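Participant: entry28.txt is reproduced in full below (compact mmCIF, N, CA and C atoms).
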# COMPACT_ATOMS: atom_id res chain seq x y z
N MET A 1 0.82 -1.20 0.00
CA MET A 1 0.00 0.00 0.00
C MET A 1 0.86 1.27 0.00
N MET A 2 2.00 1.21 0.70
CA MET A 2 2.88 2.38 0.74
C MET A 2 3.45 2.68 -0.65
N LYS A 3 3.68 1.63 -1.45
CA LYS A 3 4.16 1.84 -2.82
C LYS A 3 3.09 2.56 -3.64
N LYS A 4 1.84 2.16 -3.46
CA LYS A 4 0.74 2.81 -4.17
C LYS A 4 0.63 4.28 -3.79
N ILE A 5 0.74 4.56 -2.50
CA ILE A 5 0.65 5.94 -2.01
C ILE A 5 1.81 6.77 -2.57
N ALA A 6 3.02 6.21 -2.52
CA ALA A 6 4.18 6.93 -3.05
C ALA A 6 4.04 7.19 -4.55
N ALA A 7 3.55 6.19 -5.27
CA ALA A 7 3.34 6.36 -6.71
C ALA A 7 2.29 7.43 -6.98
N CYS A 8 1.20 7.40 -6.22
CA CYS A 8 0.15 8.41 -6.39
C CYS A 8 0.68 9.81 -6.09
N LEU A 9 1.48 9.94 -5.05
CA LEU A 9 2.06 11.24 -4.72
C LEU A 9 2.95 11.74 -5.85
N GLY A 10 3.80 10.87 -6.35
CA GLY A 10 4.69 11.26 -7.46
C GLY A 10 3.92 11.67 -8.69
N ILE A 11 2.94 10.87 -9.06
CA ILE A 11 2.10 11.17 -10.22
C ILE A 11 1.33 12.47 -10.00
N GLY A 12 0.78 12.63 -8.80
CA GLY A 12 0.01 13.83 -8.48
C GLY A 12 0.85 15.09 -8.55
N ILE A 13 2.06 15.03 -8.04
CA ILE A 13 2.95 16.19 -8.08
C ILE A 13 3.28 16.57 -9.51
N VAL A 14 3.65 15.58 -10.33
CA VAL A 14 4.02 15.84 -11.72
C VAL A 14 2.83 16.38 -12.51
N PHE A 15 1.71 15.66 -12.45
CA PHE A 15 0.55 16.09 -13.23
C PHE A 15 -0.06 17.39 -12.70
N GLY A 16 -0.10 17.53 -11.39
CA GLY A 16 -0.63 18.77 -10.81
C GLY A 16 0.17 19.98 -11.23
N THR A 17 1.49 19.85 -11.19
CA THR A 17 2.36 20.95 -11.60
C THR A 17 2.21 21.24 -13.09
N PHE A 18 2.18 20.20 -13.90
CA PHE A 18 2.05 20.38 -15.35
C PHE A 18 0.72 21.04 -15.71
N ILE A 19 -0.37 20.52 -15.15
CA ILE A 19 -1.69 21.08 -15.45
C ILE A 19 -1.79 22.52 -14.93
N GLY A 20 -1.26 22.76 -13.73
CA GLY A 20 -1.27 24.12 -13.18
C GLY A 20 -0.51 25.08 -14.06
N LEU A 21 0.64 24.65 -14.56
CA LEU A 21 1.45 25.50 -15.43
C LEU A 21 0.70 25.82 -16.73
N ILE A 22 0.14 24.80 -17.34
CA ILE A 22 -0.61 25.00 -18.59
C ILE A 22 -1.80 25.94 -18.36
N LEU A 23 -2.55 25.71 -17.29
CA LEU A 23 -3.70 26.58 -17.01
C LEU A 23 -3.28 28.00 -16.68
N SER A 24 -2.12 28.17 -16.02
CA SER A 24 -1.65 29.52 -15.71
C SER A 24 -1.26 30.27 -16.98
N VAL A 25 -0.70 29.57 -17.96
CA VAL A 25 -0.36 30.20 -19.24
C VAL A 25 -1.64 30.60 -19.97
N ILE A 26 -2.62 29.70 -19.98
CA ILE A 26 -3.90 30.00 -20.63
C ILE A 26 -4.58 31.20 -19.95
N ALA A 27 -4.61 31.20 -18.61
CA ALA A 27 -5.22 32.31 -17.88
C ALA A 27 -4.48 33.61 -18.16
N SER A 28 -3.15 33.56 -18.26
CA SER A 28 -2.37 34.76 -18.56
C SER A 28 -2.71 35.28 -19.95
N LEU A 29 -2.86 34.39 -20.90
CA LEU A 29 -3.22 34.80 -22.26
C LEU A 29 -4.61 35.44 -22.30
N VAL A 30 -5.53 34.87 -21.53
CA VAL A 30 -6.91 35.35 -21.55
C VAL A 30 -7.06 36.67 -20.77
N TYR A 31 -6.47 36.72 -19.55
CA TYR A 31 -6.72 37.85 -18.68
C TYR A 31 -5.67 38.94 -18.77
N SER A 32 -4.41 38.59 -18.91
CA SER A 32 -3.34 39.59 -18.92
C SER A 32 -2.94 39.94 -20.34
N GLN A 33 -2.83 38.95 -21.18
CA GLN A 33 -2.52 39.02 -22.60
C GLN A 33 -1.08 39.44 -22.91
N THR A 34 -0.41 40.16 -22.02
CA THR A 34 0.96 40.57 -22.31
C THR A 34 1.95 40.10 -21.25
N GLU A 35 1.49 39.73 -20.08
CA GLU A 35 2.36 39.30 -19.00
C GLU A 35 1.96 37.92 -18.53
N TYR A 36 2.99 37.15 -18.12
CA TYR A 36 2.70 35.86 -17.51
C TYR A 36 2.40 36.08 -16.03
N MET A 37 1.25 35.61 -15.61
CA MET A 37 0.86 35.70 -14.21
C MET A 37 0.58 34.28 -13.72
N PRO A 38 1.54 33.68 -12.99
CA PRO A 38 1.36 32.29 -12.59
C PRO A 38 0.23 32.09 -11.58
N VAL A 39 -0.14 33.15 -10.89
CA VAL A 39 -1.16 33.04 -9.84
C VAL A 39 -2.06 34.27 -9.85
N THR A 40 -3.13 34.20 -9.09
CA THR A 40 -4.02 35.34 -8.97
C THR A 40 -3.35 36.45 -8.16
N PRO A 41 -3.78 37.69 -8.34
CA PRO A 41 -3.22 38.77 -7.52
C PRO A 41 -3.39 38.52 -6.02
N ALA A 42 -4.48 37.89 -5.63
CA ALA A 42 -4.70 37.59 -4.21
C ALA A 42 -3.64 36.64 -3.68
N PHE A 43 -3.30 35.62 -4.45
CA PHE A 43 -2.27 34.67 -4.04
C PHE A 43 -0.90 35.34 -4.08
N MET A 44 -0.67 36.17 -5.08
CA MET A 44 0.60 36.87 -5.23
C MET A 44 0.88 37.76 -4.02
N SER A 45 -0.16 38.28 -3.42
CA SER A 45 0.01 39.20 -2.28
C SER A 45 0.59 38.50 -1.05
N TYR A 46 0.58 37.18 -1.00
CA TYR A 46 1.17 36.45 0.11
C TYR A 46 2.71 36.46 0.06
N PHE A 47 3.27 36.83 -1.09
CA PHE A 47 4.71 36.71 -1.31
C PHE A 47 5.35 38.07 -1.57
N SER A 48 6.64 38.14 -1.32
CA SER A 48 7.34 39.42 -1.50
C SER A 48 7.90 39.61 -2.90
N ASN A 49 7.99 38.52 -3.68
CA ASN A 49 8.45 38.66 -5.06
C ASN A 49 7.86 37.55 -5.93
N GLU A 50 8.08 37.69 -7.24
CA GLU A 50 7.48 36.75 -8.20
C GLU A 50 8.07 35.35 -8.11
N ILE A 51 9.35 35.25 -7.79
CA ILE A 51 9.98 33.93 -7.68
C ILE A 51 9.34 33.15 -6.53
N GLN A 52 9.16 33.80 -5.39
CA GLN A 52 8.50 33.13 -4.26
C GLN A 52 7.07 32.76 -4.62
N ALA A 53 6.37 33.63 -5.34
CA ALA A 53 4.99 33.33 -5.76
C ALA A 53 4.96 32.13 -6.69
N MET A 54 5.92 32.05 -7.60
CA MET A 54 5.97 30.91 -8.52
C MET A 54 6.25 29.62 -7.76
N LEU A 55 7.18 29.67 -6.81
CA LEU A 55 7.45 28.48 -5.99
C LEU A 55 6.21 28.10 -5.17
N GLY A 56 5.50 29.10 -4.67
CA GLY A 56 4.26 28.84 -3.95
C GLY A 56 3.22 28.21 -4.86
N ALA A 57 3.16 28.69 -6.11
CA ALA A 57 2.22 28.13 -7.08
C ALA A 57 2.56 26.67 -7.38
N ILE A 58 3.84 26.38 -7.54
CA ILE A 58 4.26 25.00 -7.80
C ILE A 58 3.86 24.11 -6.62
N GLY A 59 4.06 24.61 -5.40
CA GLY A 59 3.65 23.85 -4.22
C GLY A 59 2.14 23.63 -4.19
N LEU A 60 1.39 24.66 -4.54
CA LEU A 60 -0.07 24.58 -4.57
C LEU A 60 -0.53 23.59 -5.63
N TRP A 61 0.02 23.70 -6.83
CA TRP A 61 -0.36 22.79 -7.92
C TRP A 61 0.01 21.35 -7.57
N SER A 62 1.15 21.17 -6.94
CA SER A 62 1.58 19.83 -6.52
C SER A 62 0.61 19.26 -5.49
N ALA A 63 0.19 20.10 -4.54
CA ALA A 63 -0.75 19.65 -3.51
C ALA A 63 -2.09 19.26 -4.14
N ILE A 64 -2.56 20.07 -5.07
CA ILE A 64 -3.84 19.78 -5.74
C ILE A 64 -3.73 18.46 -6.52
N GLY A 65 -2.66 18.30 -7.27
CA GLY A 65 -2.46 17.05 -8.01
C GLY A 65 -2.39 15.85 -7.09
N SER A 66 -1.70 16.02 -5.96
CA SER A 66 -1.57 14.92 -4.99
C SER A 66 -2.92 14.55 -4.39
N ILE A 67 -3.73 15.55 -4.09
CA ILE A 67 -5.06 15.29 -3.52
C ILE A 67 -5.88 14.41 -4.47
N PHE A 68 -5.94 14.82 -5.72
CA PHE A 68 -6.77 14.07 -6.67
C PHE A 68 -6.17 12.69 -6.97
N SER A 69 -4.86 12.62 -7.02
CA SER A 69 -4.22 11.33 -7.27
C SER A 69 -4.42 10.37 -6.10
N LEU A 70 -4.21 10.86 -4.89
CA LEU A 70 -4.41 10.01 -3.71
C LEU A 70 -5.88 9.62 -3.55
N ALA A 71 -6.78 10.55 -3.86
CA ALA A 71 -8.21 10.25 -3.74
C ALA A 71 -8.64 9.14 -4.69
N SER A 72 -7.90 8.94 -5.77
CA SER A 72 -8.25 7.86 -6.70
C SER A 72 -8.11 6.50 -6.05
N LEU A 73 -7.33 6.42 -4.97
CA LEU A 73 -7.18 5.15 -4.25
C LEU A 73 -8.51 4.70 -3.63
N ILE A 74 -9.43 5.63 -3.44
CA ILE A 74 -10.76 5.28 -2.93
C ILE A 74 -11.42 4.24 -3.83
N TYR A 75 -11.17 4.35 -5.14
CA TYR A 75 -11.78 3.42 -6.09
C TYR A 75 -11.15 2.04 -6.07
N SER A 76 -10.07 1.86 -5.34
CA SER A 76 -9.49 0.53 -5.24
C SER A 76 -10.10 -0.27 -4.09
N GLU A 77 -11.00 0.35 -3.33
CA GLU A 77 -11.73 -0.32 -2.24
C GLU A 77 -12.86 -1.12 -2.89
N THR A 78 -12.62 -2.41 -3.10
CA THR A 78 -13.55 -3.22 -3.89
C THR A 78 -14.79 -3.66 -3.13
N ASP A 79 -14.82 -3.52 -1.82
CA ASP A 79 -16.00 -3.92 -1.06
C ASP A 79 -17.12 -2.88 -1.11
N TRP A 80 -16.80 -1.69 -1.61
CA TRP A 80 -17.78 -0.61 -1.65
C TRP A 80 -18.53 -0.61 -2.97
N SER A 81 -19.74 -0.08 -2.95
CA SER A 81 -20.49 0.10 -4.19
C SER A 81 -19.90 1.29 -4.95
N VAL A 82 -20.18 1.36 -6.24
CA VAL A 82 -19.71 2.48 -7.06
C VAL A 82 -20.28 3.79 -6.51
N THR A 83 -21.52 3.75 -6.07
CA THR A 83 -22.15 4.95 -5.52
C THR A 83 -21.42 5.44 -4.27
N LYS A 84 -21.10 4.51 -3.37
CA LYS A 84 -20.40 4.88 -2.14
C LYS A 84 -19.00 5.41 -2.45
N MET A 85 -18.29 4.74 -3.35
CA MET A 85 -16.95 5.20 -3.71
C MET A 85 -17.00 6.60 -4.33
N THR A 86 -17.96 6.82 -5.22
CA THR A 86 -18.09 8.12 -5.88
C THR A 86 -18.42 9.21 -4.88
N LEU A 87 -19.36 8.93 -3.97
CA LEU A 87 -19.75 9.92 -2.97
C LEU A 87 -18.59 10.25 -2.03
N VAL A 88 -17.88 9.25 -1.56
CA VAL A 88 -16.73 9.48 -0.68
C VAL A 88 -15.64 10.24 -1.44
N HIS A 89 -15.38 9.86 -2.68
CA HIS A 89 -14.38 10.54 -3.50
C HIS A 89 -14.74 12.00 -3.69
N PHE A 90 -16.00 12.26 -4.02
CA PHE A 90 -16.45 13.64 -4.23
C PHE A 90 -16.26 14.46 -2.95
N ILE A 91 -16.69 13.95 -1.82
CA ILE A 91 -16.59 14.68 -0.55
C ILE A 91 -15.12 14.94 -0.20
N VAL A 92 -14.28 13.92 -0.32
CA VAL A 92 -12.86 14.08 0.02
C VAL A 92 -12.20 15.11 -0.89
N THR A 93 -12.43 15.01 -2.20
CA THR A 93 -11.78 15.95 -3.11
C THR A 93 -12.32 17.36 -2.94
N TYR A 94 -13.61 17.50 -2.75
CA TYR A 94 -14.18 18.84 -2.56
C TYR A 94 -13.66 19.49 -1.28
N LEU A 95 -13.70 18.75 -0.18
CA LEU A 95 -13.30 19.32 1.11
C LEU A 95 -11.79 19.57 1.21
N THR A 96 -10.99 18.87 0.45
CA THR A 96 -9.55 19.15 0.47
C THR A 96 -9.15 20.16 -0.60
N PHE A 97 -9.90 20.22 -1.70
CA PHE A 97 -9.60 21.18 -2.76
C PHE A 97 -10.08 22.59 -2.38
N LEU A 98 -11.20 22.69 -1.70
CA LEU A 98 -11.77 24.00 -1.36
C LEU A 98 -10.80 24.91 -0.60
N PRO A 99 -10.13 24.44 0.45
CA PRO A 99 -9.18 25.34 1.13
C PRO A 99 -8.03 25.79 0.22
N LEU A 100 -7.55 24.89 -0.63
CA LEU A 100 -6.47 25.26 -1.55
C LEU A 100 -6.95 26.27 -2.59
N ALA A 101 -8.16 26.08 -3.08
CA ALA A 101 -8.73 27.03 -4.04
C ALA A 101 -8.95 28.39 -3.40
N THR A 102 -9.30 28.39 -2.14
CA THR A 102 -9.48 29.65 -1.41
C THR A 102 -8.14 30.35 -1.23
N ILE A 103 -7.12 29.61 -0.83
CA ILE A 103 -5.77 30.17 -0.68
C ILE A 103 -5.28 30.73 -2.02
N ALA A 104 -5.57 30.01 -3.10
CA ALA A 104 -5.12 30.42 -4.43
C ALA A 104 -5.86 31.66 -4.92
N GLY A 105 -6.96 32.00 -4.29
CA GLY A 105 -7.74 33.16 -4.72
C GLY A 105 -8.73 32.85 -5.82
N TRP A 106 -9.01 31.55 -6.03
CA TRP A 106 -9.97 31.16 -7.06
C TRP A 106 -11.40 31.26 -6.56
N THR A 107 -11.58 31.25 -5.26
CA THR A 107 -12.89 31.38 -4.65
C THR A 107 -12.72 32.06 -3.31
N SER A 108 -13.83 32.38 -2.69
CA SER A 108 -13.79 32.94 -1.34
C SER A 108 -14.87 32.25 -0.52
N LEU A 109 -14.90 32.55 0.74
CA LEU A 109 -15.91 31.94 1.60
C LEU A 109 -17.20 32.75 1.64
N ASN A 110 -17.29 33.75 0.77
CA ASN A 110 -18.54 34.49 0.57
C ASN A 110 -19.57 33.50 0.04
N LEU A 111 -20.76 33.51 0.61
CA LEU A 111 -21.76 32.49 0.30
C LEU A 111 -22.08 32.40 -1.19
N GLY A 112 -22.27 33.51 -1.86
CA GLY A 112 -22.58 33.49 -3.29
C GLY A 112 -21.45 32.94 -4.13
N THR A 113 -20.23 33.39 -3.84
CA THR A 113 -19.05 32.90 -4.56
C THR A 113 -18.83 31.42 -4.30
N LEU A 114 -19.00 31.03 -3.06
CA LEU A 114 -18.83 29.62 -2.68
C LEU A 114 -19.86 28.74 -3.37
N PHE A 115 -21.08 29.24 -3.49
CA PHE A 115 -22.13 28.50 -4.18
C PHE A 115 -21.76 28.30 -5.66
N GLY A 116 -21.29 29.36 -6.31
CA GLY A 116 -20.87 29.27 -7.71
C GLY A 116 -19.70 28.31 -7.89
N PHE A 117 -18.73 28.38 -6.97
CA PHE A 117 -17.59 27.47 -7.01
C PHE A 117 -18.05 26.03 -6.86
N THR A 118 -18.95 25.80 -5.91
CA THR A 118 -19.45 24.44 -5.66
C THR A 118 -20.18 23.90 -6.88
N LEU A 119 -21.01 24.72 -7.51
CA LEU A 119 -21.71 24.27 -8.73
C LEU A 119 -20.73 23.96 -9.86
N THR A 120 -19.72 24.79 -10.01
CA THR A 120 -18.71 24.55 -11.04
C THR A 120 -17.96 23.26 -10.77
N PHE A 121 -17.54 23.07 -9.52
CA PHE A 121 -16.83 21.84 -9.14
C PHE A 121 -17.71 20.63 -9.41
N LEU A 122 -18.98 20.70 -9.01
CA LEU A 122 -19.91 19.60 -9.20
C LEU A 122 -20.11 19.30 -10.69
N LEU A 123 -20.27 20.32 -11.49
CA LEU A 123 -20.47 20.13 -12.93
C LEU A 123 -19.25 19.45 -13.57
N ILE A 124 -18.06 19.95 -13.26
CA ILE A 124 -16.84 19.35 -13.80
C ILE A 124 -16.70 17.91 -13.32
N TYR A 125 -17.00 17.69 -12.04
CA TYR A 125 -16.91 16.35 -11.46
C TYR A 125 -17.85 15.39 -12.19
N VAL A 126 -19.08 15.81 -12.41
CA VAL A 126 -20.08 14.95 -13.07
C VAL A 126 -19.66 14.63 -14.50
N VAL A 127 -19.16 15.63 -15.23
CA VAL A 127 -18.72 15.40 -16.61
C VAL A 127 -17.58 14.39 -16.64
N ILE A 128 -16.58 14.58 -15.79
CA ILE A 128 -15.45 13.64 -15.74
C ILE A 128 -15.92 12.25 -15.34
N TRP A 129 -16.82 12.17 -14.36
CA TRP A 129 -17.34 10.89 -13.89
C TRP A 129 -18.10 10.18 -15.02
N LEU A 130 -18.94 10.92 -15.75
CA LEU A 130 -19.69 10.31 -16.85
C LEU A 130 -18.77 9.78 -17.95
N VAL A 131 -17.76 10.56 -18.31
CA VAL A 131 -16.80 10.11 -19.32
C VAL A 131 -16.09 8.85 -18.85
N ALA A 132 -15.67 8.83 -17.60
CA ALA A 132 -14.98 7.66 -17.05
C ALA A 132 -15.91 6.44 -17.04
N MET A 133 -17.15 6.64 -16.63
CA MET A 133 -18.11 5.53 -16.59
C MET A 133 -18.40 4.99 -17.98
N LEU A 134 -18.55 5.87 -18.95
CA LEU A 134 -18.80 5.42 -20.32
C LEU A 134 -17.60 4.65 -20.87
N ARG A 135 -16.39 5.10 -20.53
CA ARG A 135 -15.19 4.39 -20.96
C ARG A 135 -15.13 2.99 -20.34
N VAL A 136 -15.44 2.89 -19.07
CA VAL A 136 -15.42 1.59 -18.38
C VAL A 136 -16.50 0.68 -18.96
N LYS A 137 -17.69 1.25 -19.22
CA LYS A 137 -18.77 0.46 -19.80
C LYS A 137 -18.37 -0.10 -21.16
N LYS A 138 -17.69 0.73 -21.96
CA LYS A 138 -17.24 0.28 -23.27
C LYS A 138 -16.23 -0.87 -23.13
N GLU A 139 -15.32 -0.75 -22.17
CA GLU A 139 -14.33 -1.82 -21.93
C GLU A 139 -15.02 -3.10 -21.48
N ILE A 140 -16.00 -2.98 -20.59
CA ILE A 140 -16.72 -4.16 -20.10
C ILE A 140 -17.50 -4.82 -21.23
N ASP A 141 -18.15 -4.01 -22.06
CA ASP A 141 -18.88 -4.56 -23.21
C ASP A 141 -17.94 -5.29 -24.16
N ALA A 142 -16.75 -4.73 -24.39
CA ALA A 142 -15.77 -5.37 -25.27
C ALA A 142 -15.30 -6.69 -24.66
N LEU A 143 -15.05 -6.71 -23.36
CA LEU A 143 -14.64 -7.96 -22.69
C LEU A 143 -15.75 -9.01 -22.76
N ASN A 144 -16.98 -8.59 -22.51
CA ASN A 144 -18.11 -9.53 -22.59
C ASN A 144 -18.26 -10.08 -24.00
N GLN A 145 -18.10 -9.22 -25.00
CA GLN A 145 -18.20 -9.68 -26.39
C GLN A 145 -17.09 -10.68 -26.69
N HIS A 146 -15.90 -10.39 -26.20
CA HIS A 146 -14.75 -11.29 -26.40
C HIS A 146 -15.03 -12.65 -25.74
N LEU A 147 -15.60 -12.63 -24.54
CA LEU A 147 -15.93 -13.89 -23.84
C LEU A 147 -17.01 -14.66 -24.61
N GLN A 148 -17.99 -13.96 -25.13
CA GLN A 148 -19.05 -14.64 -25.89
C GLN A 148 -18.50 -15.24 -27.18
N ASP A 149 -17.61 -14.53 -27.82
CA ASP A 149 -17.03 -15.00 -29.08
C ASP A 149 -16.16 -16.23 -28.87
N ASN A 150 -15.55 -16.33 -27.69
CA ASN A 150 -14.64 -17.45 -27.41
C ASN A 150 -15.29 -18.57 -26.63
N SER A 151 -16.58 -18.53 -26.45
CA SER A 151 -17.22 -19.63 -25.70
C SER A 151 -18.05 -20.52 -26.59
Before we go any further, please render this structure as structure tokens.

Facilitator:
Amino acid sequence: MMKKIAACLGIGIVFGTFIGLILSVIASLVYSQTEYMPVTPAFMSYFSNEIQAMLGAIGLWSAIGSIFSLASLIYSETDWSVTKMTLVHFIVTYLTFLPLATIAGWTSLNLGTLFGFTLTFLLIYVVIWLVAMLRVKKEIDALNQHLQDNS
């Protein structure tokens, strides 16, 4: 189990940092258009210079990637129903991502903003979940067809 956790942490750090970097470039192109801004102005205000802010951003992106990567281990609990695994995964990722998103300046604890953030998180979660479920269903159907063809 420790190997799985270590692997998830490594994968989460790499993917979290990569995705964070790509999204920060896209956000800079959309919002700033002439300057690279790795983080929101609110997050930048925690640091005394841009290098520290970038290192903070890398740490934040790594933490976010690690959260989602480690949370995927919930799906390896085979005694649980898919519904229970999905619900636990959603709660764990939401409750651990929310404080990081707040620190990053992507949301605030203002009720209206928090409601919008929660709806956005839920929508993205449902879309990803549906795509994953459809992919798994397609794989299961292919395996069943293969078993029928060979019996």

Participant: Can you pull out the residues contacting Phe43 (chain A)? Cut-off 6.5 Å, using all atoms listed in the file, and skip same-chain residues under 6 positions away; I want them as a list in words.

Facilitator: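 These residues fall inside the cut-off: Ala53, Ile103, Ala104 and Gly105 of chain A.
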
Participant: With distances taken over all atoms listed in the file, which of A:Gln33, A:Asn150, A:Thr118, A:Ser66 is nearest to Phe15 (chain A)?

Facilitator: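 Ranking A:Gln33, A:Asn150, A:Thr118, A:Ser66 by distance to Phe15 (chain A), first place goes to A:Ser66.
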
Participant: Could you state the separation of CA of Tyr75 (chain A) and CA of Tyr94 (chain A) in Å, given to one decimal place?

Facilitator: 16.0 Å

Participant: Hey, can you check how far atom N of Leu147 (chain A) sits from atom C of Arg135 (chain A)?

Facilitator: 16.2 Å

Participant: Give the answer as one residue: which of A:Met1, A:Met54, A:Leu130, A:Ile13 has the shortest atom-to-atom distance to Ser69 (chain A), using only N, CA and C atoms?

Facilitator: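 Checking each of A:Met1, A:Met54, A:Leu130, A:Ile13 against Ser69 (chain A), counting only N, CA and C atoms, the winner is A:Ile13.
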
Participant: I'd like the contact shell of Gly59 (chain A) - 12 Å cut-off, only C-alpha atoms, skipping same-chain residues fewer than 3 positions apart - returned as a PyMOL selection string.

Facilitator: chain A and resi 12-14+16-18+20-21+39+52-56+62-66+100+103-104

Participant: Considering only N, CA and C atoms, state which residue in the set A:Leu29, A:Cys8, A:Val136, A:Pro38 is at the smallest distance from Ile67 (chain A).

Facilitator: A:Cys8

Participant: Which value, in Å to one decimal, gives the distance between atom C of Asn49 (chain A) and atom N of Val30 (chain A)?

Facilitator: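 So the two atoms, atom C of Asn49 (chain A) and atom N of Val30 (chain A), lie 20.7 Å apart.
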
Participant: Pull the alpha helix (DSSP H) assignments for region 3-126 of chain A out of DSSP run on the backbone, and list those residues as a PyMOL selection string.

Facilitator: chain A and resi 3-27+41-44+50-71+82-104+111-126

Participant: Need the axis-aligned box for region 131-140 of chain A with 5 Å each side, so what are the centre and edges in Å to one decimal, as lines of an AutoDock Vina configuration file?

Facilitator:
center_x = -16.6
center_y = 2.9
center_z = -19.9
size_x = 14.5
size_y = 25.4
size_z = 16.7

Participant: Around (-16.0, 28.7, -6.6), as given in the file, which residues come within 6 Å? Count only N, CA and C atoms and list them as a ChimeraX atom specification.

Facilitator: /A:106-108,113-118

Participant: Would you put the residues from that selection into a file with N, CA and C atoms, as an mmCIF file, keeping the file's coordinate frame?

Facilitator:
data_model
loop_
_atom_site.group_PDB
_atom_site.id
_atom_site.type_symbol
_atom_site.label_atom_id
_atom_site.label_comp_id
_atom_site.auth_asym_id
_atom_site.auth_seq_id
_atom_site.Cartn_x
_atom_site.Cartn_y
_atom_site.Cartn_z
ATOM 1 N N TRP A 106 -9.010 31.550 -6.030
ATOM 2 C CA TRP A 106 -9.970 31.160 -7.060
ATOM 3 C C TRP A 106 -11.400 31.260 -6.560
ATOM 4 N N THR A 107 -11.580 31.250 -5.260
ATOM 5 C CA THR A 107 -12.890 31.380 -4.650
ATOM 6 C C THR A 107 -12.720 32.060 -3.310
ATOM 7 N N SER A 108 -13.830 32.380 -2.690
ATOM 8 C CA SER A 108 -13.790 32.940 -1.340
ATOM 9 C C SER A 108 -14.870 32.250 -0.520
ATOM 10 N N THR A 113 -20.230 33.390 -3.840
ATOM 11 C CA THR A 113 -19.050 32.900 -4.560
ATOM 12 C C THR A 113 -18.830 31.420 -4.300
ATOM 13 N N LEU A 114 -19.000 31.030 -3.060
ATOM 14 C CA LEU A 114 -18.830 29.620 -2.680
ATOM 15 C C LEU A 114 -19.860 28.740 -3.370
ATOM 16 N N PHE A 115 -21.080 29.240 -3.490
ATOM 17 C CA PHE A 115 -22.130 28.500 -4.180
ATOM 18 C C PHE A 115 -21.760 28.300 -5.660
ATOM 19 N N GLY A 116 -21.290 29.360 -6.310
ATOM 20 C CA GLY A 116 -20.870 29.270 -7.710
ATOM 21 C C GLY A 116 -19.700 28.310 -7.890
ATOM 22 N N PHE A 117 -18.730 28.380 -6.970
ATOM 23 C CA PHE A 117 -17.590 27.470 -7.010
ATOM 24 C C PHE A 117 -18.050 26.030 -6.860
ATOM 25 N N THR A 118 -18.950 25.800 -5.910
ATOM 26 C CA THR A 118 -19.450 24.440 -5.660
ATOM 27 C C THR A 118 -20.180 23.900 -6.880
#

Participant: Excluding Ile74 (chain A) and residues on its chain fewer than 4 positions from it, collect all residues at most 6.5 Å away from it, counting all atoms listed in the file, and give them as a PDB file with N, CA and C atoms, in the frame of the given file.

Facilitator:
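part08.pdb, freshly written:
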ATOM      1  N   LEU A  70      -4.210  10.860  -4.890  1.00  0.00           N
ATOM      2  CA  LEU A  70      -4.410  10.010  -3.710  1.00  0.00           C
ATOM      3  C   LEU A  70      -5.880   9.620  -3.550  1.00  0.00           C
ATOM      4  N   MET A  85     -18.290   4.740  -3.350  1.00  0.00           N
ATOM      5  CA  MET A  85     -16.950   5.200  -3.710  1.00  0.00           C
ATOM      6  C   MET A  85     -17.000   6.600  -4.330  1.00  0.00           C
ATOM      7  N   HIS A  89     -15.380   9.860  -2.680  1.00  0.00           N
ATOM      8  CA  HIS A  89     -14.380  10.540  -3.500  1.00  0.00           C
ATOM      9  C   HIS A  89     -14.740  12.000  -3.690  1.00  0.00           C
TER      10      HIS A  89
END
